[in-house]
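K.L.:
This is the structure I want to talk about, given as structure tokens.
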Amino acid sequence: MSKNNSTTNTSFLNDAGNRALIFQALLLGLVVFVGYYLFSNLQANLDKQGISTGFTFLNQPAGFPILLHLIEYTEANSYGRAFLVALINTFVISLLGIVLATIIGVLMGLARLSNNWLIARLATVYIETLRNIPLLLQMFFWYFAVLAALPGPRNSFILGDFMLNKRGIYSPEPLFQDGFGFVIFGFFVGVAASIALIIWAKKRQSQTGDWFPAYWASLGVIIATTFLALVFTGFPVEFNVPELGRFNIRGGMVLPPEFVAVLVALSTYTGAFIAEIVRAGILSVNWGQTEASRSLGLPDGLTQRLIVLPQALRVIIPPLTSQFLNLAKNSSLGAAIAYPELVAVVMGTTLNQTGQAIETIGLCMLVYGSLSLSISFFMNWYNKKMSLTER
Amino acid sequence: MTKVFQPSPSLPPPVNSVGPVAWVKQNLFSTPANTILTLLSLYIIYLLVVPVINWGIIDATWSGESKAECTAGGACWAFIRVRFDQFMYGRYPIEEYWRVNLSAIMLIVLVGMYAVKAVNKTMLTAGILLVYPVIAYILFAGDVFGLQRVETELWGGLFLTILLGMIGIIASFPLGVLLALGRRSNMPIVKSVCIIFIETVRAVPLITILFMASVMIPLFLPDGLNFNKLLRVLIGITLFSAAYMAEVIRGGLQAIPKGQYEAADAMGLTYWQSMILVILPQALKLVIPGIVNTFIGLFKDTTLVYIVGMFDLLGMIQLASHSPNWLGTTIEGYAFSGFLYWAICFAMSRYSMAVERRLETGHKRN
């Protein structure tokens, strides 16, 4: 703010700089006062209700079961352990959801641009329907209407070693024997070799102009090394196949219906939004670029991959980031159908049992805050990498 | 007698290049791959549409008193018919429905008056924003003028959904504008307060904010002072979408060329004058799609109040389809409410497109 230099009657209050100072001092005072007022009320209320603050409750035994836990967990474990289980569940559903939603979104976005009229119409109907119906309703639909209507275990749909019924999707459970570490080692050797291969192919192309199908070759290398390691160690994997017993299904792994419903709802819903983003991104690339690429003699596939896609990605990535963030945050809706994610376990059961409202809600907000931050950091880095290098 | 050249009338274009046949050929069967895709999609449509029509119309039962009477094997629309009033008004007392209806009709009439030329638009807007809410609140809650008192816990159904949506939309918009202006302010404290608020709210899911509103706010208030749950939830929803609104509007503010700000300053306009008269009208017009997207998002998000124990449209459906008489009618309920939500959101997005076209003052060549 510049000082008012004129010699006319500028009173103290007419000076823009002074006014800004006064206004900000007032705002700061208000924020501090409200904060202090709320905090002192909180202190008084907590004292009166006899709730002790602090995170010591995390060490007490939780005493409730959790439907889906990827790490060891029993009712005797602590609240801290339960928190960890819920955290992993949230991460898993967000990550899987992001992958699936991206696939659906790209497919639907391309379909909407198809020159086949019927395909384009179908994609439009899909997008406009799913985008305009609340996610919670869709989640309820999948959980209470579709998955609950599946037959019981005795009449499950069977496809090979997989079973689908009311209780979820049953699949064979891999049991890793000794020597499996060697297979993993083989896989990573393959990955390292293919990275070297890609770097070599790029170098050779920039030096001689000769092109080498590095991506297909590296896929082959990875499969070959892993398979060789498998043969060499004598296939150290066994499968625990689910079997229909008299009352129950024995063995195998089960994906509970809550998980399936949340995953399907999240990925189809977010996929519809991503489809629109992909479509807008591709449309933003000037048609002249495609024509120029064709006149250079590039085939259609390479035109898409080398010319259109890199330019479209620049438009696509920023809004895509916010869709990913939305998906991660929307995974909290799983609490409504008892998928044991962060909100359900921490802000639901733990809060009810311990009454530690401030700590549990604070913990959840902290986790979601850092999840959001890390996704946006990663996408910002990717965006920088893809963005136009300007002189 | 001279011969006059008589040109024969021109032939119609070949059937293959115009008309429906050519269209089908070009758009559906242009290449073998396209043909396969077309046939495949036709098959998918057949697989989806035929069972839906069978279930929803041909085999459906339209009247009855419980699920047991729906024996035709199709949809049980009797469920919707019997419970329709509850889906609309929640648990509002039946003999008081007229109060909700009356305020809805009043709102429609008031909004309709925008089309009448003789009405002063500023007065009308002021009336809708300042006077109407008071009248509507008195009608809904009662307890004065001999109206029976209706607790807010009884408000529900589509009535509650629309109430939450409308108040959220109307309150979050000005708040969003203020936050966006604050974030672009030169004053460091104002700016950081706005940034902290916006980024914190945007980093967490709405559900945590609703939980906070229903569980934590009472802890922060002094003894004896406790306000209504509906109001707390409304504050939560409003603050949440205001943060998103602020980011959308900030985008618009950034898109206005610097010359506009400088020109407004050069005219001697004060900060608020230049914002209200010069910058905001241009900035808001640029981001209408974003603003309406936020509105639609807010409207869809009102379903989340079910999680903190309020019965909006989705909540009533959930409640009714799990009642003993009507077990197994979830699909009908979701189809009905899904259609209502879809219609409202779709209408909003189409309306925004129309507004955008009407406000178009650019120099685009058509």
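Each chain in the structure tokens gets a letter, A, B, ..., in the order shown, and its residues are numbered from 1; ligands are numbered from 1 in order too.
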Taking a cut-off of 6 Å and counting only C-alpha atoms, can you build a table that, for each residue of chain B near chain A, reports the nearest atom pair and how far apart they are in Å (one decimal), sorted by chain then residue number, as a Markdown table?
P.N.:
| residue | atom | partner | partner_atom | distance |
| --- | --- | --- | --- | --- |
| B:Asn27 | CA | A:Asn116 | CA | 5.2 |
| B:Leu28 | CA | A:Asn116 | CA | 5.3 |
| B:Ala203 | CA | A:Gly369 | CA | 4.9 |
| B:Val204 | CA | A:Tyr368 | CA | 5.5 |
| B:Pro205 | CA | A:Lys329 | CA | 4.9 |
| B:Leu219 | CA | A:Leu42 | CA | 5.5 |
| B:Phe220 | CA | A:Leu42 | CA | 4.8 |
| B:Leu221 | CA | A:Asn41 | CA | 5.8 |
| B:Pro222 | CA | A:Asn41 | CA | 5.4 |
| B:Lys300 | CA | A:Pro134 | CA | 4.7 |
| B:Thr330 | CA | A:Ala145 | CA | 5.7 |
| B:Ile331 | CA | A:Ala145 | CA | 5.5 |
| B:Gly338 | CA | A:Ile133 | CA | 5.9 |
| B:Tyr341 | CA | A:Ile133 | CA | 5.8 |
| B:Trp342 | CA | A:Asn132 | CA | 4.9 |
| B:Cys345 | CA | A:Asn132 | CA | 5.5 |
K.L.:
Mind the document's chain letters and residue numbers, and return as a list in words the residues of region 297-326 of chain B that DSSP labels helix (DSSP H, G or I).
P.N.:
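Secondary structure check on region 297-326 of chain B, helix (DSSP H, G or I): Gly297, Leu298, Phe299, Lys300, Asp301, Thr302, Thr303, Leu304, Val305, Tyr306, Ile307, Val308, Leu313, Leu314, Gly315, Met316, Ile317, Gln318, Leu319, Ala320, Ser321, Pro324, Asn325 and Trp326 of chain B.
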K.L.:
Give me, as a PDB file with N, CA and C atoms, in the first residue's frame, all polymer residues having an atom no more than 8 Å from Thr161 (chain B), counting only C-alpha atoms and skipping those fewer than 3 positions away in the same chain.
P.N.:
ATOM      1  N   GLY B 156     -38.269 -33.509   7.083  1.00  0.00           N
ATOM      2  CA  GLY B 156     -37.546 -34.569   6.391  1.00  0.00           C
ATOM      3  C   GLY B 156     -37.977 -34.695   4.942  1.00  0.00           C
ATOM      4  N   GLY B 157     -37.523 -35.765   4.320  1.00  0.00           N
ATOM      5  CA  GLY B 157     -37.889 -36.044   2.941  1.00  0.00           C
ATOM      6  C   GLY B 157     -37.338 -35.027   1.964  1.00  0.00           C
ATOM      7  N   LEU B 158     -37.974 -34.959   0.802  1.00  0.00           N
ATOM      8  CA  LEU B 158     -37.533 -34.034  -0.235  1.00  0.00           C
ATOM      9  C   LEU B 158     -37.558 -32.594   0.274  1.00  0.00           C
ATOM     10  N   LEU B 164     -32.169 -27.765   2.711  1.00  0.00           N
ATOM     11  CA  LEU B 164     -30.717 -27.751   2.927  1.00  0.00           C
ATOM     12  C   LEU B 164     -30.003 -27.228   1.692  1.00  0.00           C
ATOM     13  N   GLY B 165     -30.413 -27.731   0.522  1.00  0.00           N
ATOM     14  CA  GLY B 165     -29.761 -27.337  -0.726  1.00  0.00           C
ATOM     15  C   GLY B 165     -29.895 -25.849  -0.957  1.00  0.00           C
ATOM     16  N   PHE B 299     -25.818 -29.880  -3.582  1.00  0.00           N
ATOM     17  CA  PHE B 299     -27.136 -30.512  -3.533  1.00  0.00           C
ATOM     18  C   PHE B 299     -27.006 -32.020  -3.351  1.00  0.00           C
ATOM     19  N   THR B 302     -26.051 -33.038   0.216  1.00  0.00           N
ATOM     20  CA  THR B 302     -27.027 -32.978   1.306  1.00  0.00           C
ATOM     21  C   THR B 302     -27.442 -34.375   1.755  1.00  0.00           C
ATOM     22  N   THR B 303     -27.217 -35.399   0.888  1.00  0.00           N
ATOM     23  CA  THR B 303     -27.576 -36.759   1.297  1.00  0.00           C
ATOM     24  C   THR B 303     -26.769 -37.200   2.513  1.00  0.00           C
ATOM     25  N   ASP B 312     -33.369 -37.015   5.318  1.00  0.00           N
ATOM     26  CA  ASP B 312     -33.689 -36.326   4.075  1.00  0.00           C
ATOM     27  C   ASP B 312     -34.328 -37.346   3.131  1.00  0.00           C
ATOM     28  N   LEU B 313     -34.441 -36.999   1.836  1.00  0.00           N
ATOM     29  CA  LEU B 313     -35.106 -37.908   0.898  1.00  0.00           C
ATOM     30  C   LEU B 313     -34.491 -39.299   0.947  1.00  0.00           C
TER      31      LEU B 313
END
K.L.:
Taking the backbone alone, and naming residues the way the document does, which bits of region 18-199 of chain A are strand (DSSP E or B) by DSSP, as a list in words?
P.N.:
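Those in region 18-199 of chain A that DSSP calls strand (DSSP E or B) are Pro61, Ser78, Phe157, Ile158, Leu159, Phe162, Met163, Leu164, Asn165, Gly168, Ile169, Tyr170, Ser171, Glu173, Pro174, Leu175 and Phe176 of chain A.
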K.L.:
Counting only C-alpha atoms, which of B:Met187, B:Arg202, B:Gln273, B:Pro257 gets nearest to Arg19 (chain A)?
P.N.:
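Using only C-alpha atoms, Arg19 (chain A) sits closest to B:Met187.
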K.L.:
In Å, rounded to a single decimal, give me how far CA of Ile158 (chain A) is from CA of Gly234 (chain A).
P.N.:
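Between CA of Gly234 (chain A) and CA of Ile158 (chain A) the gap is 29.4 Å.
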K.L.:
Could you list, as a PyMOL selection string, every residue within 9 Å of Pro340 (chain A), counting only C-alpha atoms and ignoring same-chain residues fewer than 2 positions away?
P.N.:
chain A and resi 66-69+85-86+89-90+258-259+334-335+337-338+342-345
